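First the structure, in the form of structure tokens, and then the observations on it.
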Amino acid sequence: MRNLVIGAVLVGLIVLAALVSFLWTPFDPTQVDAALRLQGPSGAHWLGTDRFGRDLVSQLMVGARTTLYVGIVAVGVAALVGTPLGVFAAAGPRWLGEIVLRANDIVLAFPALLLAIMFGAAFGASTLTAMIAIGIATVPSFARLARATALQVLSTEYVLAARSAGRTGLAISVRHVLPNIAGLVIVQCSVSFGIAVLAEAALSYLGLGTQPPTPSWGRMLQESQELLAVQPRLLIVPGVAIAVAVLGFTLLGDGLRDRLDPRLEGRRAQG
């Protein structure tokens, strides 16, 4: 329960910052002002300014919006593609399951970074490129989870009874399998979201994700790395934001797993 509360609070703060940024930011996050460059925290600029004179708080707020946008689309695509694949692989013929597993192995050989490089070379580096790369790289985790849990559901007595009653595999999958694995899919979404946040930051840091002038936490790190010795604050601020986001979604997923599986929570309490 503690992990769930802490994770929900951290994620809630990030979501709140992103939502508020649609209506208000202390300053224009893309406004360059050489006269204000590298200023420390003050009443006007709460976390100071960067090497271009842009307000760090404003950049963090809009960067949270970018991060959540990429994560929602990437994880959403992965869940919508991977979950049905896993269910149909479990409910369908054995050869179909083998094809899905082999396809997963092939996709796993291409991590998000490599996919982003390939897509960036073909279509140009952008936020869309990052979303597609992260989404495709995340599909195997959903497919494997869905297939493993669907196999357990399909072996239950009520599913065997449904088959005896003449229900088709599609009907059984929709009526019995998907509702029973939905909780675990939600947990996987939360965990994958944390991974997506880290992947988006890494891609933006390498110039393969969100492009200027749109603020991004990863690019904030990239733009400030040369000033590490003299202005470590410029790297610490986005670095802490990324760490808080990843920690929040990870704890949220861990807490949801405990809530959806009380036996697991009991075992942890005993340990």
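Residue numbering restarts at 1 for every chain of the structure tokens, chains are lettered A, B, ... in their displayed order, and ligands are numbered from 1 as they appear.
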Under the rule of at most 10 Å, produce a per-residue listing of segment 30-109 of chain A near segment 148-158 of chain A: chain, number, name, the closest pair of atoms, and the distance in Å, as a Markdown table, using only C-alpha atoms.
```
| residue | atom | partner | partner_atom | distance |
| --- | --- | --- | --- | --- |
| A:Thr83 | CA | A:Ala150 | CA | 9.8 |
| A:Gly86 | CA | A:Ala150 | CA | 7.7 |
| A:Val87 | CA | A:Ala150 | CA | 5.8 |
| A:Phe88 | CA | A:Ala150 | CA | 8.9 |
| A:Ala89 | CA | A:Ala150 | CA | 9.0 |
| A:Ala90 | CA | A:Leu151 | CA | 5.6 |
| A:Ala91 | CA | A:Leu154 | CA | 7.4 |
```
Using the selection just defined, write its residues with C-alpha atoms as an mmCIF file, in the first residue's frame.
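This went into part.cif:
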```cif
data_model
loop_
_atom_site.group_PDB
_atom_site.id
_atom_site.type_symbol
_atom_site.label_atom_id
_atom_site.label_comp_id
_atom_site.auth_asym_id
_atom_site.auth_seq_id
_atom_site.Cartn_x
_atom_site.Cartn_y
_atom_site.Cartn_z
ATOM 1 C CA THR A 83 -2.107 -7.846 -25.568
ATOM 2 C CA GLY A 86 -0.592 -12.686 -26.716
ATOM 3 C CA VAL A 87 -4.224 -13.680 -26.151
ATOM 4 C CA PHE A 88 -4.715 -14.977 -29.678
ATOM 5 C CA ALA A 89 -1.395 -16.833 -29.490
ATOM 6 C CA ALA A 90 -2.642 -18.592 -26.352
ATOM 7 C CA ALA A 91 -6.169 -19.268 -27.607
#
```
* Name all residues at most 10 Å from Ala44 of chain A (count only C-alpha atoms; drop same-chain ones fewer than 6 positions away) and give them as a PyMOL selection string. => chain A and resi 26-27+55
* **Closest of A:Gly92, A:Ala243, A:Ile195, A:Met61 to Leu170 of chain A - atom-to-atom distances counting only C-alpha atoms** =>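 Of A:Gly92, A:Ala243, A:Ile195, A:Met61, the one nearest Leu170 of chain A, counting only C-alpha atoms, is A:Gly92.
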Secondary structure check, helix (DSSP H, G or I) residues of segment 5-252 of chain A, as a PDB file with C-alpha atoms, in the first residue's frame:
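Saved as result_4.pdb:
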```
ATOM      1  CA  VAL A   5       0.542   5.835  -2.323  1.00  0.00           C
ATOM      2  CA  ILE A   6       4.084   7.112  -2.907  1.00  0.00           C
ATOM      3  CA  GLY A   7       3.967   6.198  -6.576  1.00  0.00           C
ATOM      4  CA  ALA A   8       0.556   7.800  -7.041  1.00  0.00           C
ATOM      5  CA  VAL A   9       1.745  11.015  -5.366  1.00  0.00           C
ATOM      6  CA  LEU A  10       4.887  11.257  -7.517  1.00  0.00           C
ATOM      7  CA  VAL A  11       3.007  10.492 -10.718  1.00  0.00           C
ATOM      8  CA  GLY A  12       0.247  12.899  -9.683  1.00  0.00           C
ATOM      9  CA  LEU A  13       2.769  15.733  -9.273  1.00  0.00           C
ATOM     10  CA  ILE A  14       4.159  15.126 -12.753  1.00  0.00           C
ATOM     11  CA  VAL A  15       0.700  14.940 -14.300  1.00  0.00           C
ATOM     12  CA  LEU A  16      -0.319  18.107 -12.441  1.00  0.00           C
ATOM     13  CA  ALA A  17       2.735  19.976 -13.755  1.00  0.00           C
ATOM     14  CA  ALA A  18       1.975  18.818 -17.284  1.00  0.00           C
ATOM     15  CA  LEU A  19      -1.683  19.855 -17.071  1.00  0.00           C
ATOM     16  CA  VAL A  20      -0.878  23.249 -15.565  1.00  0.00           C
ATOM     17  CA  SER A  21       1.643  23.891 -18.356  1.00  0.00           C
ATOM     18  CA  PHE A  22      -1.227  23.929 -20.863  1.00  0.00           C
ATOM     19  CA  LEU A  23      -2.648  26.979 -19.086  1.00  0.00           C
ATOM     20  CA  ALA A  34      21.199  36.187 -23.318  1.00  0.00           C
ATOM     21  CA  ALA A  35      21.062  38.784 -20.554  1.00  0.00           C
ATOM     22  CA  LEU A  36      19.533  36.215 -18.187  1.00  0.00           C
ATOM     23  CA  LEU A  56      14.142  26.032 -15.936  1.00  0.00           C
ATOM     24  CA  VAL A  57      10.794  25.665 -14.166  1.00  0.00           C
ATOM     25  CA  SER A  58       8.923  26.461 -17.374  1.00  0.00           C
ATOM     26  CA  GLN A  59      11.039  23.977 -19.302  1.00  0.00           C
ATOM     27  CA  LEU A  60      10.438  21.285 -16.688  1.00  0.00           C
ATOM     28  CA  MET A  61       6.684  21.788 -16.810  1.00  0.00           C
ATOM     29  CA  VAL A  62       6.446  21.604 -20.593  1.00  0.00           C
ATOM     30  CA  GLY A  63       9.000  18.780 -20.600  1.00  0.00           C
ATOM     31  CA  ALA A  64       6.681  16.797 -18.322  1.00  0.00           C
ATOM     32  CA  ARG A  65       3.935  17.251 -20.888  1.00  0.00           C
ATOM     33  CA  THR A  66       6.204  15.962 -23.656  1.00  0.00           C
ATOM     34  CA  THR A  67       7.311  12.981 -21.586  1.00  0.00           C
ATOM     35  CA  LEU A  68       3.752  11.971 -20.676  1.00  0.00           C
ATOM     36  CA  TYR A  69       2.598  12.410 -24.260  1.00  0.00           C
ATOM     37  CA  VAL A  70       5.308  10.107 -25.584  1.00  0.00           C
ATOM     38  CA  GLY A  71       4.732   7.576 -22.803  1.00  0.00           C
ATOM     39  CA  ILE A  72       0.948   7.462 -23.208  1.00  0.00           C
ATOM     40  CA  VAL A  73       1.105   6.941 -26.966  1.00  0.00           C
ATOM     41  CA  ALA A  74       4.004   4.470 -26.899  1.00  0.00           C
ATOM     42  CA  VAL A  75       2.646   2.333 -24.051  1.00  0.00           C
ATOM     43  CA  GLY A  76      -0.885   2.574 -25.438  1.00  0.00           C
ATOM     44  CA  VAL A  77       0.228   1.283 -28.822  1.00  0.00           C
ATOM     45  CA  ALA A  78       2.273  -1.482 -27.203  1.00  0.00           C
ATOM     46  CA  ALA A  79      -0.646  -2.593 -25.041  1.00  0.00           C
ATOM     47  CA  LEU A  80      -3.191  -2.464 -27.867  1.00  0.00           C
ATOM     48  CA  VAL A  81      -0.930  -4.480 -30.162  1.00  0.00           C
ATOM     49  CA  GLY A  82       0.847  -6.798 -27.730  1.00  0.00           C
ATOM     50  CA  THR A  83      -2.107  -7.846 -25.568  1.00  0.00           C
ATOM     51  CA  PRO A  84      -4.336  -9.153 -28.385  1.00  0.00           C
ATOM     52  CA  LEU A  85      -1.337 -10.875 -29.960  1.00  0.00           C
ATOM     53  CA  GLY A  86      -0.592 -12.686 -26.716  1.00  0.00           C
ATOM     54  CA  VAL A  87      -4.224 -13.680 -26.151  1.00  0.00           C
ATOM     55  CA  PHE A  88      -4.715 -14.977 -29.678  1.00  0.00           C
ATOM     56  CA  ALA A  89      -1.395 -16.833 -29.490  1.00  0.00           C
ATOM     57  CA  ALA A  90      -2.642 -18.592 -26.352  1.00  0.00           C
ATOM     58  CA  ALA A  91      -6.169 -19.268 -27.607  1.00  0.00           C
ATOM     59  CA  ARG A  94       0.048 -23.970 -31.264  1.00  0.00           C
ATOM     60  CA  TRP A  95       1.798 -22.882 -34.451  1.00  0.00           C
ATOM     61  CA  LEU A  96       0.331 -19.398 -34.034  1.00  0.00           C
ATOM     62  CA  GLY A  97       1.802 -19.156 -30.542  1.00  0.00           C
ATOM     63  CA  GLU A  98       5.198 -20.213 -31.850  1.00  0.00           C
ATOM     64  CA  ILE A  99       5.070 -17.555 -34.570  1.00  0.00           C
ATOM     65  CA  VAL A 100       4.223 -14.862 -32.021  1.00  0.00           C
ATOM     66  CA  LEU A 101       7.054 -15.970 -29.723  1.00  0.00           C
ATOM     67  CA  ARG A 102       9.578 -16.000 -32.565  1.00  0.00           C
ATOM     68  CA  ALA A 103       8.386 -12.580 -33.743  1.00  0.00           C
ATOM     69  CA  ASN A 104       8.822 -11.311 -30.172  1.00  0.00           C
ATOM     70  CA  ASP A 105      12.387 -12.620 -30.149  1.00  0.00           C
ATOM     71  CA  ILE A 106      13.109 -10.754 -33.365  1.00  0.00           C
ATOM     72  CA  VAL A 107      11.696  -7.480 -32.026  1.00  0.00           C
ATOM     73  CA  LEU A 108      13.652  -7.910 -28.781  1.00  0.00           C
ATOM     74  CA  ALA A 112      14.242   1.232 -28.761  1.00  0.00           C
ATOM     75  CA  LEU A 113      17.524   3.077 -29.353  1.00  0.00           C
ATOM     76  CA  LEU A 114      18.390   1.040 -32.432  1.00  0.00           C
ATOM     77  CA  LEU A 115      14.845   1.324 -33.774  1.00  0.00           C
ATOM     78  CA  ALA A 116      14.957   5.095 -33.250  1.00  0.00           C
ATOM     79  CA  ILE A 117      18.207   5.304 -35.208  1.00  0.00           C
ATOM     80  CA  MET A 118      16.670   3.299 -38.046  1.00  0.00           C
ATOM     81  CA  PHE A 119      13.442   5.309 -38.102  1.00  0.00           C
ATOM     82  CA  GLY A 120      15.334   8.567 -37.678  1.00  0.00           C
ATOM     83  CA  ALA A 121      17.460   7.781 -40.722  1.00  0.00           C
ATOM     84  CA  ALA A 122      14.362   6.882 -42.732  1.00  0.00           C
ATOM     85  CA  PHE A 123      11.847   9.480 -41.557  1.00  0.00           C
ATOM     86  CA  THR A 127       8.724  12.946 -31.203  1.00  0.00           C
ATOM     87  CA  LEU A 128       6.766  10.616 -33.487  1.00  0.00           C
ATOM     88  CA  THR A 129       9.931   8.631 -34.190  1.00  0.00           C
ATOM     89  CA  ALA A 130      10.540   8.205 -30.468  1.00  0.00           C
ATOM     90  CA  MET A 131       6.948   7.099 -29.833  1.00  0.00           C
ATOM     91  CA  ILE A 132       7.031   4.509 -32.623  1.00  0.00           C
ATOM     92  CA  ALA A 133      10.415   3.137 -31.559  1.00  0.00           C
ATOM     93  CA  ILE A 134       9.468   2.867 -27.872  1.00  0.00           C
ATOM     94  CA  GLY A 135       6.059   1.414 -28.704  1.00  0.00           C
ATOM     95  CA  ILE A 136       7.425  -1.309 -30.981  1.00  0.00           C
ATOM     96  CA  ALA A 137      10.197  -2.169 -28.528  1.00  0.00           C
ATOM     97  CA  THR A 138       7.613  -2.563 -25.729  1.00  0.00           C
ATOM     98  CA  VAL A 139       5.182  -4.821 -27.633  1.00  0.00           C
ATOM     99  CA  PRO A 140       6.992  -8.114 -26.726  1.00  0.00           C
ATOM    100  CA  SER A 141       6.620  -7.549 -22.973  1.00  0.00           C
ATOM    101  CA  PHE A 142       2.843  -7.194 -23.315  1.00  0.00           C
ATOM    102  CA  ALA A 143       2.559 -10.127 -25.722  1.00  0.00           C
ATOM    103  CA  ARG A 144       4.507 -12.472 -23.449  1.00  0.00           C
ATOM    104  CA  LEU A 145       2.582 -11.409 -20.345  1.00  0.00           C
ATOM    105  CA  ALA A 146      -0.775 -11.734 -22.103  1.00  0.00           C
ATOM    106  CA  ARG A 147       0.059 -15.162 -23.510  1.00  0.00           C
ATOM    107  CA  ALA A 148       1.329 -16.554 -20.196  1.00  0.00           C
ATOM    108  CA  THR A 149      -1.660 -15.332 -18.189  1.00  0.00           C
ATOM    109  CA  ALA A 150      -4.142 -16.247 -20.927  1.00  0.00           C
ATOM    110  CA  LEU A 151      -2.877 -19.831 -20.891  1.00  0.00           C
ATOM    111  CA  GLN A 152      -3.654 -19.998 -17.165  1.00  0.00           C
ATOM    112  CA  VAL A 153      -7.167 -18.633 -17.687  1.00  0.00           C
ATOM    113  CA  LEU A 154      -7.828 -20.986 -20.594  1.00  0.00           C
ATOM    114  CA  GLU A 157     -12.973 -25.080 -15.477  1.00  0.00           C
ATOM    115  CA  TYR A 158     -15.341 -22.281 -16.516  1.00  0.00           C
ATOM    116  CA  VAL A 159     -13.458 -21.823 -19.790  1.00  0.00           C
ATOM    117  CA  LEU A 160     -13.592 -25.573 -20.433  1.00  0.00           C
ATOM    118  CA  ALA A 161     -17.319 -25.404 -19.745  1.00  0.00           C
ATOM    119  CA  ALA A 162     -17.663 -22.522 -22.210  1.00  0.00           C
ATOM    120  CA  ARG A 163     -15.896 -24.576 -24.843  1.00  0.00           C
ATOM    121  CA  SER A 164     -18.194 -27.511 -24.155  1.00  0.00           C
ATOM    122  CA  GLY A 169     -12.255 -19.058 -29.284  1.00  0.00           C
ATOM    123  CA  LEU A 170     -12.855 -15.377 -30.056  1.00  0.00           C
ATOM    124  CA  ALA A 171     -15.904 -15.252 -27.784  1.00  0.00           C
ATOM    125  CA  ILE A 172     -14.018 -16.965 -24.960  1.00  0.00           C
ATOM    126  CA  SER A 173     -11.091 -14.579 -25.360  1.00  0.00           C
ATOM    127  CA  VAL A 174     -13.293 -11.490 -25.234  1.00  0.00           C
ATOM    128  CA  ARG A 175     -15.696 -12.669 -22.516  1.00  0.00           C
ATOM    129  CA  HIS A 176     -13.389 -14.607 -20.191  1.00  0.00           C
ATOM    130  CA  VAL A 177      -9.699 -14.091 -20.947  1.00  0.00           C
ATOM    131  CA  LEU A 178      -9.379 -10.319 -21.439  1.00  0.00           C
ATOM    132  CA  PRO A 179     -11.332  -9.357 -18.273  1.00  0.00           C
ATOM    133  CA  ASN A 180      -9.213 -11.731 -16.179  1.00  0.00           C
ATOM    134  CA  ILE A 181      -5.859 -10.459 -17.442  1.00  0.00           C
ATOM    135  CA  ALA A 182      -6.810  -6.767 -17.526  1.00  0.00           C
ATOM    136  CA  GLY A 183      -5.379  -6.121 -14.057  1.00  0.00           C
ATOM    137  CA  LEU A 184      -1.954  -7.481 -14.942  1.00  0.00           C
ATOM    138  CA  VAL A 185      -1.978  -5.540 -18.205  1.00  0.00           C
ATOM    139  CA  ILE A 186      -2.626  -2.339 -16.233  1.00  0.00           C
ATOM    140  CA  VAL A 187       0.322  -3.145 -13.970  1.00  0.00           C
ATOM    141  CA  GLN A 188       2.497  -3.756 -17.014  1.00  0.00           C
ATOM    142  CA  CYS A 189       1.383  -0.416 -18.447  1.00  0.00           C
ATOM    143  CA  SER A 190       2.570   1.388 -15.327  1.00  0.00           C
ATOM    144  CA  VAL A 191       5.933  -0.384 -15.292  1.00  0.00           C
ATOM    145  CA  SER A 192       6.393   0.111 -19.038  1.00  0.00           C
ATOM    146  CA  PHE A 193       5.548   3.788 -18.659  1.00  0.00           C
ATOM    147  CA  GLY A 194       8.560   4.258 -16.387  1.00  0.00           C
ATOM    148  CA  ILE A 195      10.747   2.522 -18.960  1.00  0.00           C
ATOM    149  CA  ALA A 196       9.249   4.712 -21.704  1.00  0.00           C
ATOM    150  CA  VAL A 197      10.078   7.866 -19.733  1.00  0.00           C
ATOM    151  CA  LEU A 198      13.700   6.778 -19.469  1.00  0.00           C
ATOM    152  CA  ALA A 199      13.824   5.754 -23.135  1.00  0.00           C
ATOM    153  CA  GLU A 200      12.343   9.073 -24.296  1.00  0.00           C
ATOM    154  CA  ALA A 201      14.891  10.995 -22.244  1.00  0.00           C
ATOM    155  CA  ALA A 202      17.731   8.898 -23.677  1.00  0.00           C
ATOM    156  CA  LEU A 203      16.528   9.377 -27.254  1.00  0.00           C
ATOM    157  CA  SER A 204      16.116  13.133 -26.790  1.00  0.00           C
ATOM    158  CA  TYR A 205      19.562  13.290 -25.192  1.00  0.00           C
ATOM    159  CA  TRP A 217      14.078  16.587 -20.134  1.00  0.00           C
ATOM    160  CA  GLY A 218      16.566  14.513 -22.104  1.00  0.00           C
ATOM    161  CA  ARG A 219      17.622  17.425 -24.273  1.00  0.00           C
ATOM    162  CA  MET A 220      17.948  19.630 -21.185  1.00  0.00           C
ATOM    163  CA  LEU A 221      20.598  17.169 -20.028  1.00  0.00           C
ATOM    164  CA  GLN A 222      22.308  17.188 -23.411  1.00  0.00           C
ATOM    165  CA  GLU A 223      22.411  20.974 -23.636  1.00  0.00           C
ATOM    166  CA  SER A 224      23.896  21.315 -20.138  1.00  0.00           C
ATOM    167  CA  GLN A 225      26.508  18.549 -20.135  1.00  0.00           C
ATOM    168  CA  GLU A 226      29.328  20.928 -21.063  1.00  0.00           C
ATOM    169  CA  LEU A 227      28.565  23.002 -17.962  1.00  0.00           C
ATOM    170  CA  ARG A 233      22.386  22.525 -11.220  1.00  0.00           C
ATOM    171  CA  LEU A 234      21.471  22.484 -14.912  1.00  0.00           C
ATOM    172  CA  LEU A 235      21.947  18.717 -15.059  1.00  0.00           C
ATOM    173  CA  ILE A 236      20.668  17.916 -11.581  1.00  0.00           C
ATOM    174  CA  VAL A 237      17.262  19.531 -12.191  1.00  0.00           C
ATOM    175  CA  PRO A 238      16.197  17.474 -15.260  1.00  0.00           C
ATOM    176  CA  GLY A 239      18.016  14.423 -13.911  1.00  0.00           C
ATOM    177  CA  VAL A 240      15.976  14.517 -10.704  1.00  0.00           C
ATOM    178  CA  ALA A 241      12.784  15.003 -12.747  1.00  0.00           C
ATOM    179  CA  ILE A 242      13.536  11.898 -14.819  1.00  0.00           C
ATOM    180  CA  ALA A 243      14.429   9.889 -11.715  1.00  0.00           C
ATOM    181  CA  VAL A 244      11.231  10.966  -9.918  1.00  0.00           C
ATOM    182  CA  ALA A 245       9.099  10.044 -12.937  1.00  0.00           C
ATOM    183  CA  VAL A 246      10.679   6.603 -13.335  1.00  0.00           C
ATOM    184  CA  LEU A 247      10.505   5.946  -9.590  1.00  0.00           C
ATOM    185  CA  GLY A 248       6.890   7.095  -9.437  1.00  0.00           C
ATOM    186  CA  PHE A 249       5.658   4.842 -12.225  1.00  0.00           C
ATOM    187  CA  THR A 250       7.713   1.906 -10.939  1.00  0.00           C
ATOM    188  CA  LEU A 251       6.320   2.236  -7.403  1.00  0.00           C
ATOM    189  CA  LEU A 252       2.829   2.721  -8.802  1.00  0.00           C
TER     190      LEU A 252
END
```
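Among the candidate residues A:Arg257, A:Arg54, A:Arg2, A:Arg167, the one lying nearest to Gly40 of chain A is A:Arg54, with distances computed using only C-alpha atoms.
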